[in-house]
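One file, start_15.cif, carrying mmCIF, C-alpha atoms:
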```cif
data_final
#
loop_
_atom_site.label_atom_id
_atom_site.label_comp_id
_atom_site.auth_asym_id
_atom_site.auth_seq_id
_atom_site.Cartn_x
_atom_site.Cartn_y
_atom_site.Cartn_z
CA MET A 139 2.41 -24.98 -53.42
CA SER A 140 6.03 -26.13 -53.69
CA PRO A 141 7.98 -27.12 -50.57
CA ARG A 142 10.07 -23.98 -51.03
CA GLY A 143 6.94 -21.82 -51.05
CA VAL A 144 5.58 -23.52 -47.95
CA GLY A 145 8.86 -22.88 -46.15
CA LEU A 146 8.84 -19.23 -47.16
CA GLN A 147 5.29 -18.81 -45.90
CA GLY A 148 6.33 -20.36 -42.58
CA VAL A 149 9.25 -17.95 -42.20
CA LEU A 150 7.00 -14.96 -42.95
CA ALA A 151 4.42 -16.16 -40.43
CA ALA A 152 7.09 -16.54 -37.76
CA LEU A 153 8.40 -13.03 -38.44
CA ALA A 154 4.88 -11.62 -38.23
CA LEU A 155 4.28 -13.39 -34.93
CA GLY A 156 7.54 -12.06 -33.52
CA ALA A 157 6.66 -8.52 -34.58
CA ALA A 158 3.25 -8.79 -32.95
CA LEU A 159 4.86 -10.02 -29.73
CA LEU A 160 7.26 -7.08 -29.67
CA VAL A 161 4.41 -4.66 -30.16
CA SER A 162 2.43 -6.27 -27.34
CA LEU A 163 5.37 -5.94 -24.94
CA ARG A 164 5.78 -2.22 -25.54
CA ALA A 165 4.24 0.21 -23.08
CA PRO A 166 0.74 1.38 -23.99
CA PRO A 167 0.68 4.66 -25.91
CA GLY A 168 0.19 7.84 -23.95
CA ALA A 169 -2.58 10.39 -24.32
CA PRO A 170 -2.81 12.29 -27.61
CA GLY A 171 -0.17 14.98 -27.84
CA GLU A 172 2.04 13.59 -25.06
CA VAL A 173 5.80 13.50 -25.48
CA MET A 174 8.35 11.04 -24.13
CA VAL A 175 10.57 12.21 -21.27
CA LEU A 176 12.17 8.88 -20.37
CA ASP A 177 11.57 5.77 -22.45
CA VAL A 178 12.08 2.98 -19.93
CA ALA A 179 10.16 -0.23 -19.26
CA ALA A 180 8.43 -0.68 -15.89
CA ARG A 181 10.54 -3.76 -15.17
CA ASP A 182 13.69 -1.58 -15.34
CA LEU A 183 12.45 1.01 -12.84
CA ARG A 184 13.61 0.34 -9.28
CA ARG A 185 12.93 3.51 -7.30
CA VAL A 186 11.28 6.92 -7.62
CA ARG A 187 12.68 9.49 -5.18
CA LEU A 188 11.25 12.98 -4.71
CA GLU A 189 13.47 15.47 -2.84
CA THR A 190 11.69 18.60 -1.60
CA ALA A 191 11.92 21.01 1.32
CA ALA A 192 9.38 18.83 3.17
CA GLY A 193 11.79 15.90 3.05
CA PRO A 194 12.40 12.94 0.74
CA VAL A 195 9.71 10.52 -0.40
CA GLU A 196 10.54 7.25 -2.15
CA LEU A 197 8.31 4.85 -4.03
CA PHE A 198 9.99 1.54 -4.79
CA ARG A 199 9.61 -2.16 -5.43
CA GLU A 200 11.74 -4.79 -3.78
CA PRO A 201 13.26 -7.70 -5.74
CA GLY A 202 10.96 -10.69 -5.56
CA SER A 203 7.98 -8.68 -4.28
CA GLY A 204 6.14 -8.64 -7.62
CA ASP A 205 4.05 -5.52 -8.14
CA THR A 206 3.82 -4.63 -4.44
CA PRO A 207 4.93 -1.00 -3.99
CA TRP A 208 6.62 0.31 -0.86
CA LEU A 209 6.93 3.86 0.43
CA ARG A 210 9.81 5.36 2.36
CA LEU A 211 8.61 8.45 4.23
CA GLY A 212 11.67 9.83 5.94
CA ALA A 213 12.95 6.84 7.94
CA ARG A 214 9.60 5.02 7.90
CA GLU A 215 8.86 2.23 5.39
CA VAL A 216 5.21 1.31 4.79
CA ARG A 217 3.36 -0.68 2.14
CA GLY A 218 1.82 1.29 -0.72
CA ASN A 219 -1.79 0.92 -1.87
CA GLY A 220 -3.28 0.43 -5.32
CA ASP A 221 -2.86 4.12 -6.14
CA ALA A 222 0.84 3.80 -5.33
CA ALA A 223 1.14 0.85 -7.72
CA ARG A 224 -0.56 2.81 -10.50
CA LEU A 225 1.56 5.89 -9.84
CA PHE A 226 4.76 3.83 -10.04
CA THR A 227 3.90 2.70 -13.57
CA ARG A 228 3.35 6.32 -14.67
CA PHE A 229 7.09 6.90 -14.32
CA ALA A 230 8.01 4.04 -16.67
CA PRO A 231 7.86 5.29 -19.31
CA LEU A 232 7.70 8.90 -18.14
CA ARG A 233 5.64 11.16 -20.39
CA ALA A 234 4.79 14.85 -20.36
CA ALA A 235 2.22 17.13 -21.92
CA ARG A 236 4.83 19.19 -23.81
CA ASP A 237 8.55 19.38 -24.53
CA LEU A 238 9.55 23.05 -24.18
CA GLY A 239 13.08 22.40 -25.35
CA VAL A 240 16.17 24.08 -23.90
CA LEU A 241 15.16 27.41 -22.35
CA ASP A 242 17.31 30.49 -21.84
CA ALA A 243 18.09 31.86 -18.38
CA ALA A 244 15.16 34.28 -18.33
CA HIS A 245 12.61 31.61 -19.15
CA LEU A 246 14.16 29.16 -16.68
CA ALA A 247 13.74 31.77 -13.94
CA GLU A 248 10.18 32.44 -15.07
CA VAL A 249 9.10 28.81 -14.60
CA GLY A 250 10.99 28.39 -11.31
CA LEU A 251 13.87 26.19 -12.46
CA THR A 252 16.88 28.49 -12.03
CA ALA A 253 17.84 28.02 -8.38
CA SER A 254 15.63 25.12 -7.41
CA THR A 255 17.24 22.46 -5.23
CA GLU A 256 14.32 20.04 -5.53
CA ARG A 257 14.91 16.90 -7.55
CA LEU A 258 13.17 13.85 -8.96
CA ARG A 259 15.47 10.83 -9.18
CA LEU A 260 14.58 7.64 -11.05
CA SER A 261 16.79 4.67 -10.20
CA LEU A 262 16.97 2.18 -13.07
CA THR A 263 18.64 -1.17 -13.61
CA GLN A 264 21.29 0.76 -15.56
CA GLY A 265 22.00 3.93 -13.61
CA GLU A 266 19.99 6.95 -12.50
CA GLN A 267 18.13 9.73 -14.27
CA VAL A 268 17.86 13.08 -12.46
CA PHE A 269 15.35 15.87 -13.07
CA ARG A 270 15.27 19.35 -11.55
CA LEU A 271 11.81 20.42 -10.39
CA ALA A 272 10.27 23.86 -10.51
CA ALA A 273 10.38 25.52 -7.09
CA PRO A 274 6.97 26.08 -5.50
CA ALA A 275 5.64 29.62 -5.74
CA SER A 276 3.10 30.82 -3.14
CA GLY A 277 2.44 27.23 -2.08
CA TRP A 278 1.81 26.03 -5.62
CA ARG A 279 4.29 24.03 -7.66
CA GLY A 280 4.44 24.61 -11.40
CA PRO A 281 4.42 21.27 -13.22
CA TYR A 282 7.82 21.82 -14.87
CA LEU A 283 10.92 19.66 -14.76
CA LEU A 284 14.31 19.90 -16.38
CA ARG A 285 16.08 16.78 -17.62
CA GLU A 286 19.61 17.25 -16.38
CA SER A 287 21.15 14.99 -19.01
CA ASP A 288 20.39 17.47 -21.83
CA GLY A 289 18.66 20.51 -20.32
CA HIS A 290 15.26 19.92 -21.90
CA VAL A 291 12.29 21.35 -19.98
CA PHE A 292 8.95 19.53 -19.89
CA LEU A 293 5.42 20.40 -18.82
CA LEU A 294 4.17 17.51 -16.66
CA SER A 295 0.72 16.17 -15.91
CA ALA A 296 -0.72 18.22 -13.05
CA SER A 297 -1.35 15.18 -10.80
CA LEU A 298 1.95 13.34 -11.09
CA LEU A 299 4.07 15.19 -8.53
CA PRO A 300 1.30 16.16 -6.04
CA ASP A 301 0.36 12.50 -5.63
CA LEU A 302 3.95 11.69 -4.71
CA GLU A 303 4.36 14.77 -2.49
CA HIS A 304 1.26 13.78 -0.48
CA ALA A 305 2.16 10.09 -0.39
CA ALA A 306 1.79 9.91 3.40
CA HIS A 307 -1.93 10.61 3.04
CA ARG A 308 -2.76 9.27 -0.43
CA LEU A 309 -0.56 6.24 -1.05
CA VAL A 310 -0.31 4.27 2.24
CA ASP A 311 -1.97 0.85 2.24
CA ARG A 312 -4.40 0.97 5.17
CA ALA A 313 -5.70 -2.59 4.77
CA LEU A 314 -5.24 -4.77 7.84
CA HIS A 315 -5.61 -8.07 5.97
CA ALA A 316 -5.12 -9.34 2.45
CA PHE A 317 -7.96 -11.86 2.88
CA GLY A 318 -11.69 -11.14 2.83
CA PRO A 319 -14.62 -12.10 5.08
CA GLY A 320 -15.30 -15.29 3.13
CA ASP A 321 -11.69 -16.51 3.26
CA TYR A 322 -11.74 -17.86 6.82
CA GLU A 323 -14.11 -20.19 8.66
CA THR A 324 -12.77 -20.16 12.24
CA LEU A 325 -11.36 -17.60 14.64
CA THR A 326 -9.65 -18.11 17.98
CA LEU A 327 -9.45 -15.41 20.63
CA THR A 328 -6.47 -15.67 22.99
CA LEU A 329 -6.16 -13.46 26.06
CA GLU A 330 -3.38 -14.09 28.55
CA ASP A 331 -3.42 -17.87 29.15
CA ARG A 332 -6.98 -18.50 28.00
CA ALA A 333 -8.36 -19.12 24.53
CA ARG A 334 -11.74 -19.64 22.90
CA ALA A 335 -12.44 -20.82 19.33
CA PHE A 336 -15.49 -20.02 17.18
CA ARG A 337 -16.89 -21.31 13.91
CA LEU A 338 -18.39 -18.87 11.41
CA VAL A 339 -21.74 -20.06 10.08
CA PRO A 340 -23.54 -18.08 7.33
CA ARG A 341 -27.23 -17.34 7.90
CA ALA A 342 -29.78 -16.31 5.28
CA ASP A 343 -30.59 -12.59 5.44
CA ARG A 344 -28.74 -12.26 8.73
CA PRO A 345 -25.14 -11.56 9.80
CA VAL A 346 -22.84 -14.54 10.02
CA ALA A 347 -23.11 -16.43 13.33
CA LEU A 348 -20.20 -17.10 15.69
CA ILE A 349 -20.66 -20.49 17.33
CA PRO A 350 -18.24 -21.74 20.00
CA VAL A 351 -16.35 -24.87 19.00
CA GLU A 352 -16.68 -26.13 22.59
CA PRO A 353 -18.93 -27.49 23.89
CA PRO A 354 -20.39 -29.30 20.87
CA GLY A 355 -23.85 -28.05 19.99
CA ALA A 356 -23.37 -24.63 21.58
CA ALA A 357 -25.65 -21.82 20.48
CA PRO A 358 -24.47 -18.77 18.52
CA GLU A 359 -23.15 -15.95 20.70
CA GLU A 360 -24.41 -12.53 19.66
CA ALA A 361 -22.01 -10.68 21.98
CA ALA A 362 -19.03 -12.38 20.31
CA ARG A 363 -20.40 -11.53 16.87
CA ARG A 364 -20.88 -7.86 17.71
CA TRP A 365 -17.41 -7.65 19.27
CA HIS A 366 -15.76 -9.18 16.22
CA GLU A 367 -17.74 -6.88 13.92
CA ARG A 368 -16.21 -3.92 15.75
CA LEU A 369 -12.80 -5.47 15.14
CA THR A 370 -13.42 -5.78 11.39
CA LEU A 371 -14.49 -2.12 11.22
CA LEU A 372 -11.17 -0.80 12.52
CA ALA A 373 -9.82 1.72 9.99
CA PRO A 374 -6.66 3.44 11.30
CA ALA A 375 -5.52 6.64 9.60
CA ALA A 376 -2.55 6.50 7.24
CA GLY A 377 -0.40 8.38 9.76
CA ASP A 378 -1.04 5.72 12.41
CA PHE A 379 0.89 3.02 10.52
CA LEU A 380 4.39 2.58 11.90
CA GLY A 381 7.13 1.43 9.55
CA ARG A 382 8.92 -1.88 9.23
CA GLY A 383 10.95 -2.55 12.35
CA GLU A 384 9.76 0.67 14.02
CA ALA A 385 8.99 0.37 17.72
CA PRO A 386 6.31 2.54 19.32
CA ALA A 387 7.85 5.59 20.98
CA ASP A 388 5.81 4.98 24.13
CA GLY A 389 6.73 1.29 24.42
CA PRO A 390 7.48 -1.35 25.56
CA LEU A 391 4.26 -3.16 24.69
CA ALA A 392 2.31 -5.67 26.74
CA ALA A 393 0.06 -8.14 24.91
CA ALA A 394 -3.67 -7.46 25.27
CA PHE A 395 -5.31 -10.10 23.05
CA ARG A 396 -4.86 -11.95 19.77
CA VAL A 397 -7.22 -13.34 17.14
CA ASP A 398 -6.12 -16.12 14.77
CA TYR A 399 -8.10 -16.80 11.58
CA GLY A 400 -8.17 -20.27 10.04
CA ARG A 401 -9.56 -22.26 7.16
CA GLY A 402 -9.31 -26.00 6.59
CA GLY A 403 -7.02 -26.44 9.57
CA ALA A 404 -4.50 -23.86 8.30
CA ARG A 405 -3.96 -20.37 9.63
CA VAL A 406 -5.04 -17.61 7.23
CA GLY A 407 -3.89 -14.65 9.30
CA PHE A 408 -3.92 -13.00 12.70
CA LEU A 409 -4.60 -9.74 14.52
CA GLU A 410 -2.68 -8.90 17.68
CA VAL A 411 -3.39 -5.98 20.01
CA ALA A 412 -0.93 -4.69 22.61
CA ARG A 413 -0.86 -1.84 25.13
CA SER A 414 2.03 0.53 25.74
CA ALA A 415 3.20 1.74 29.12
CA ALA A 416 1.48 5.05 28.33
CA GLY A 417 -1.86 3.29 27.83
CA VAL A 418 -1.93 3.54 24.03
CA HIS A 419 -3.13 0.47 22.14
CA TYR A 420 -1.48 -0.82 18.95
CA LEU A 421 -2.25 -3.67 16.59
CA ARG A 422 -0.39 -5.65 13.97
CA THR A 423 -1.50 -8.32 11.51
CA GLU A 424 -0.03 -10.68 8.98
CA HIS A 425 -0.38 -7.88 6.38
CA THR A 426 0.79 -4.72 8.17
CA PRO A 427 4.51 -3.89 7.93
CA GLY A 428 4.62 -3.16 11.66
CA TRP A 429 2.53 -1.82 14.52
CA VAL A 430 -0.49 0.45 13.95
CA ARG A 431 -1.66 3.00 16.51
CA LEU A 432 -5.31 2.66 17.56
CA ALA A 433 -7.82 5.27 18.68
CA PRO A 434 -8.20 5.87 22.46
CA TRP A 435 -11.44 3.89 22.63
CA ALA A 436 -9.57 0.71 21.65
CA ASP A 437 -9.14 -0.18 25.32
CA SER A 438 -12.84 -1.12 25.31
CA LEU A 439 -12.07 -3.87 22.78
CA ALA A 440 -9.75 -5.59 25.23
CA GLU A 441 -12.17 -5.22 28.13
CA GLU A 442 -15.11 -6.48 26.07
CA ALA A 443 -13.04 -9.44 24.86
CA ARG A 444 -12.38 -10.37 28.46
CA ARG A 445 -15.93 -9.99 29.75
CA GLY A 446 -18.20 -10.76 26.79
CA VAL A 447 -16.27 -13.09 24.51
CA LEU A 448 -13.71 -15.04 26.50
CA THR A 449 -16.18 -15.77 29.28
CA PRO A 450 -19.07 -17.96 28.10
CA PRO A 451 -22.55 -16.59 28.81
CA PRO A 452 -24.53 -18.31 31.58
CA PRO A 453 -26.85 -21.10 30.47
CA PRO A 454 -30.50 -20.13 29.96
CA PRO A 455 -32.77 -20.75 32.96
#
```
Please express the file's structure as structure tokens.
Amino acid sequence: MSPRGVGLQGVLAALALGAALLVSLRAPPGAPGEVMVLDVAARDLRRVRLETAAGPVELFREPGSGDTPWLRLGAREVRGNGDAARLFTRFAPLRAARDLGVLDAAHLAEVGLTASTERLRLSLTQGEQVFRLAAPASGWRGPYLLRESDGHVFLLSASLLPDLEHAAHRLVDRALHAFGPGDYETLTLTLEDRARAFRLVPRADRPVALIPVEPPGAAPEEAARRWHERLTLLAPAAGDFLGRGEAPADGPLAAAFRVDYGRGGARVGFLEVARSAAGVHYLRTEHTPGWVRLAPWADSLAEEARRGVLTPPPPPP
């Protein structure tokens, strides 16, 4: 092949590679029969805001936070879970089951769009797109929205808006830590001015052992293991998570105890429990956005930490 032919083949190959790259960067196609409501890339979507009679709900990502979603529920800001992250991507691009076109006044009234004050607002890197939502009828919302830029009415997926409306129950991240059981090898319990450190030692066909660091050669402590197991099983309800910077209404708080988790000499995370003046216990960790309200029986955790974990058991006779 002549040098000119080789050069031409190289140009064609480069063009083909570029085309393939552009195709790969496009959003995945929707379900068969779906229509496009808003053709926008996920990287250009900043905020999804739902305005209803129950109050506003916002799903957003902060600059520099990667794919971590956040929820604003009234004045409270909490971290979103995996379902929140998946829901966010469903708005960019935004698709619908059908495009009903521009409807006349009678049909707009029929689907609940005439006098509705409820809105869906999508904040983008270049402005905002606003959609009018069908007003709920007898407690049920029709999955219709009107694109205010041109008046087109769309039939939405049935799950898109309900997931956002019930964000306080469905989309709050209830995890207390981002690390797992195998990601730390020591824990230190601190209560008032005393502290006690333990090593975690795996055992075949048995729960992991907690062995005091001091004195050397100490035996595993079953009471400490059972207490810490109760701590790892804490699962507060979504409504018990306070927002970023939100102080408990029954504060101020007094420290009860703290657990620090470590690996290789570095701290992996922590869990801190405090008690309000009203006797309610709260916790916070390296992962929670703020304080989390605990169930009434949480006071037994503090008492058991004092009696059964912080105080070494008597030596065997």
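The residues returned by the PyMOL selection byres ((chain A and resi 211) around 10) on the shown structure are Gly193, Pro194, Val195, Glu196, Leu197, Trp208, Leu209, Arg210, Gly212, Ala213, Arg214, Glu215, Val216, Ala305, Ala306 and Gly381 of chain A.
In this comparison, which uses all atoms listed in the file, the residue of A:Val186, A:Leu372, A:Ala342, A:Leu309 approaching Trp435 of chain A most closely is A:Leu372.
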Inset, instruction - Expand the PyMOL selection byres ((chain A and resi 391) around 12) into the individual residues it matches in the shown file, reporting them as a PyMOL selection string. - result: chain A and resi 385-390+392-395+410-422+429+431
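Pairwise distance (atom CA of Arg233 of chain A, atom CA of Gln267 of chain A) equals 14.0 Å.
The shortest atom-to-atom distance to Ala375 of chain A, with all atoms listed in the file taken into account, belongs to A:Asp311 out of A:Leu251, A:Asp311, A:Leu232, A:Leu260.
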Inset, instruction - Evaluate the PyMOL selection byres ((chain A and resi 405) around 12) and record the selected residues as a ChimeraX atom specification, following the chain and residue labels used in the document. - result: /A:317,321-326,397-404,406-409,424
Legend entry - Close residues, Leu369 of chain A itself excluded, 10 Å, all atoms listed in the file, min 2 positions apart in chain, as a list in words: Arg363, Arg364, Trp365, His366, Glu367, Leu371, Leu372, Ala373, Val397, Leu409, Ala436 and Leu439 of chain A
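Note that atom CA of Ala440 of chain A and atom CA of Ala362 of chain A are 12.5 Å apart.
Closest approach to Arg270 of chain A among A:Val447, A:Pro201, A:Glu189, A:Phe229 is made by A:Glu189 (distances from only C-alpha atoms).
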Legend entry - For atom CA of Ser438 of chain A and atom CA of Arg368 of chain A, the interatomic separation in Å (one decimal): 10.5 Å
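Shortest atom-to-atom contact with Ala247 of chain A among A:Ala191, A:Ala316, A:Ala273, A:Ala179: A:Ala273, counting all atoms listed in the file.
In terms of minimum interatomic distance to Ala443 of chain A, A:Glu330 ranks closest within A:Glu330, A:Glu200, A:Asp182, A:Asp177, counting all atoms listed in the file.
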Legend entry - Residue nearest Thr255 of chain A - candidates A:Val291, A:Ala235, A:Leu176, A:Val268, atoms counted: all atoms listed in the file: A:Val268
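Close contacts of Arg199 of chain A, defined as residues with an atom at most 12 Å away when counting all atoms listed in the file, with chain neighbours fewer than 3 positions off set aside, comprise A:Ala180, A:Arg181, A:Asp182, A:Leu183, A:Arg184, A:Arg185, A:Val186, A:Glu196, A:Gly202, A:Ser203, A:Gly204, A:Asp205, A:Thr206, A:Pro207, A:Trp208, A:Leu209, A:Arg210, A:Glu215, A:Val216, A:Arg217, A:Gly218, A:Ala222, A:Ala223, A:Phe226, A:Thr227, A:Ser261, A:Leu262.
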What are the centre and the three edge lengths of an axis-aligned box that wraps all atoms of segment 379-397 of chain A in the file, given that 8 Å is added to every side, written as JSON and rounded to one decimal in Å?
```
{"center_x": 1.9, "center_y": -3.9, "center_z": 18.0, "size_x": 34.2, "size_y": 34.9, "size_z": 33.5}
```
Inset, instruction - Skip segment 448-450 of chain A itself and residues of its chain fewer than 3 positions away, then list as number ranges by chain all residues within 8 Å of it, counting only C-alpha atoms. - result: A: 327, 329, 332-334, 443-445
Since the input is missing atoms, can you rebuild all heavy atoms for segment 181-191 of chain A and write them as a compact mmCIF listing (two decimals), keeping the file's coordinate frame?
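For reference, out-v2.txt as written:
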```
# COMPACT_ATOMS: atom_id res chain seq x y z
N ARG A 181 9.70 -2.76 -15.84
CA ARG A 181 10.54 -3.76 -15.17
C ARG A 181 11.95 -3.23 -14.88
O ARG A 181 12.68 -3.82 -14.07
CB ARG A 181 10.64 -5.02 -16.05
CG ARG A 181 11.32 -4.80 -17.39
CD ARG A 181 11.44 -6.09 -18.18
NE ARG A 181 12.04 -5.88 -19.48
CZ ARG A 181 11.36 -5.54 -20.58
NH1 ARG A 181 10.05 -5.38 -20.51
NH2 ARG A 181 11.98 -5.34 -21.73
N ASP A 182 12.36 -2.14 -15.55
CA ASP A 182 13.69 -1.58 -15.34
C ASP A 182 13.71 -0.45 -14.32
O ASP A 182 14.77 0.06 -13.98
CB ASP A 182 14.26 -1.07 -16.66
CG ASP A 182 14.51 -2.19 -17.65
OD1 ASP A 182 14.90 -3.28 -17.20
OD2 ASP A 182 14.30 -1.98 -18.86
N LEU A 183 12.52 -0.05 -13.83
CA LEU A 183 12.45 1.01 -12.84
C LEU A 183 12.50 0.40 -11.45
O LEU A 183 11.72 -0.48 -11.10
CB LEU A 183 11.15 1.81 -13.03
CG LEU A 183 10.92 2.97 -12.04
CD1 LEU A 183 12.02 4.01 -12.15
CD2 LEU A 183 9.56 3.61 -12.30
N ARG A 184 13.41 0.87 -10.63
CA ARG A 184 13.61 0.34 -9.28
C ARG A 184 13.06 1.28 -8.20
O ARG A 184 12.49 0.84 -7.22
CB ARG A 184 15.10 0.09 -9.02
CG ARG A 184 15.68 -1.02 -9.87
CD ARG A 184 15.17 -2.37 -9.42
NE ARG A 184 15.69 -3.46 -10.23
CZ ARG A 184 15.05 -4.01 -11.25
NH1 ARG A 184 13.85 -3.55 -11.60
NH2 ARG A 184 15.58 -5.00 -11.93
N ARG A 185 13.26 2.58 -8.38
CA ARG A 185 12.93 3.51 -7.30
C ARG A 185 12.63 4.89 -7.88
O ARG A 185 13.29 5.36 -8.82
CB ARG A 185 14.12 3.60 -6.34
CG ARG A 185 13.87 4.36 -5.07
CD ARG A 185 15.13 4.30 -4.19
NE ARG A 185 15.55 2.93 -3.96
CZ ARG A 185 15.13 2.17 -2.95
NH1 ARG A 185 14.28 2.67 -2.07
NH2 ARG A 185 15.56 0.94 -2.81
N VAL A 186 11.61 5.54 -7.30
CA VAL A 186 11.28 6.92 -7.62
C VAL A 186 11.49 7.72 -6.34
O VAL A 186 10.86 7.44 -5.32
CB VAL A 186 9.82 7.06 -8.10
CG1 VAL A 186 9.48 8.52 -8.37
CG2 VAL A 186 9.57 6.21 -9.34
N ARG A 187 12.36 8.71 -6.38
CA ARG A 187 12.68 9.49 -5.18
C ARG A 187 12.41 10.97 -5.45
O ARG A 187 12.95 11.54 -6.41
CB ARG A 187 14.15 9.31 -4.78
CG ARG A 187 14.57 10.12 -3.55
CD ARG A 187 16.02 9.88 -3.21
NE ARG A 187 16.52 10.77 -2.16
CZ ARG A 187 16.44 10.51 -0.86
NH1 ARG A 187 15.93 9.38 -0.45
NH2 ARG A 187 16.91 11.37 0.02
N LEU A 188 11.57 11.56 -4.62
CA LEU A 188 11.25 12.98 -4.71
C LEU A 188 11.93 13.69 -3.55
O LEU A 188 11.72 13.34 -2.39
CB LEU A 188 9.73 13.18 -4.63
CG LEU A 188 9.23 14.62 -4.69
CD1 LEU A 188 9.53 15.26 -6.05
CD2 LEU A 188 7.73 14.68 -4.41
N GLU A 189 12.73 14.71 -3.86
CA GLU A 189 13.47 15.47 -2.84
C GLU A 189 12.94 16.90 -2.83
O GLU A 189 13.15 17.65 -3.78
CB GLU A 189 14.96 15.45 -3.13
CG GLU A 189 15.56 14.05 -3.13
CD GLU A 189 17.02 14.03 -3.58
OE1 GLU A 189 17.52 15.10 -4.00
OE2 GLU A 189 17.64 12.95 -3.51
N THR A 190 12.24 17.26 -1.74
CA THR A 190 11.69 18.60 -1.60
C THR A 190 12.05 19.14 -0.22
O THR A 190 12.64 18.45 0.61
CB THR A 190 10.16 18.59 -1.77
OG1 THR A 190 9.57 17.93 -0.64
CG2 THR A 190 9.74 17.89 -3.05
N ALA A 191 11.65 20.40 0.02
CA ALA A 191 11.92 21.01 1.32
C ALA A 191 11.22 20.28 2.45
O ALA A 191 11.65 20.35 3.61
CB ALA A 191 11.49 22.48 1.29
```
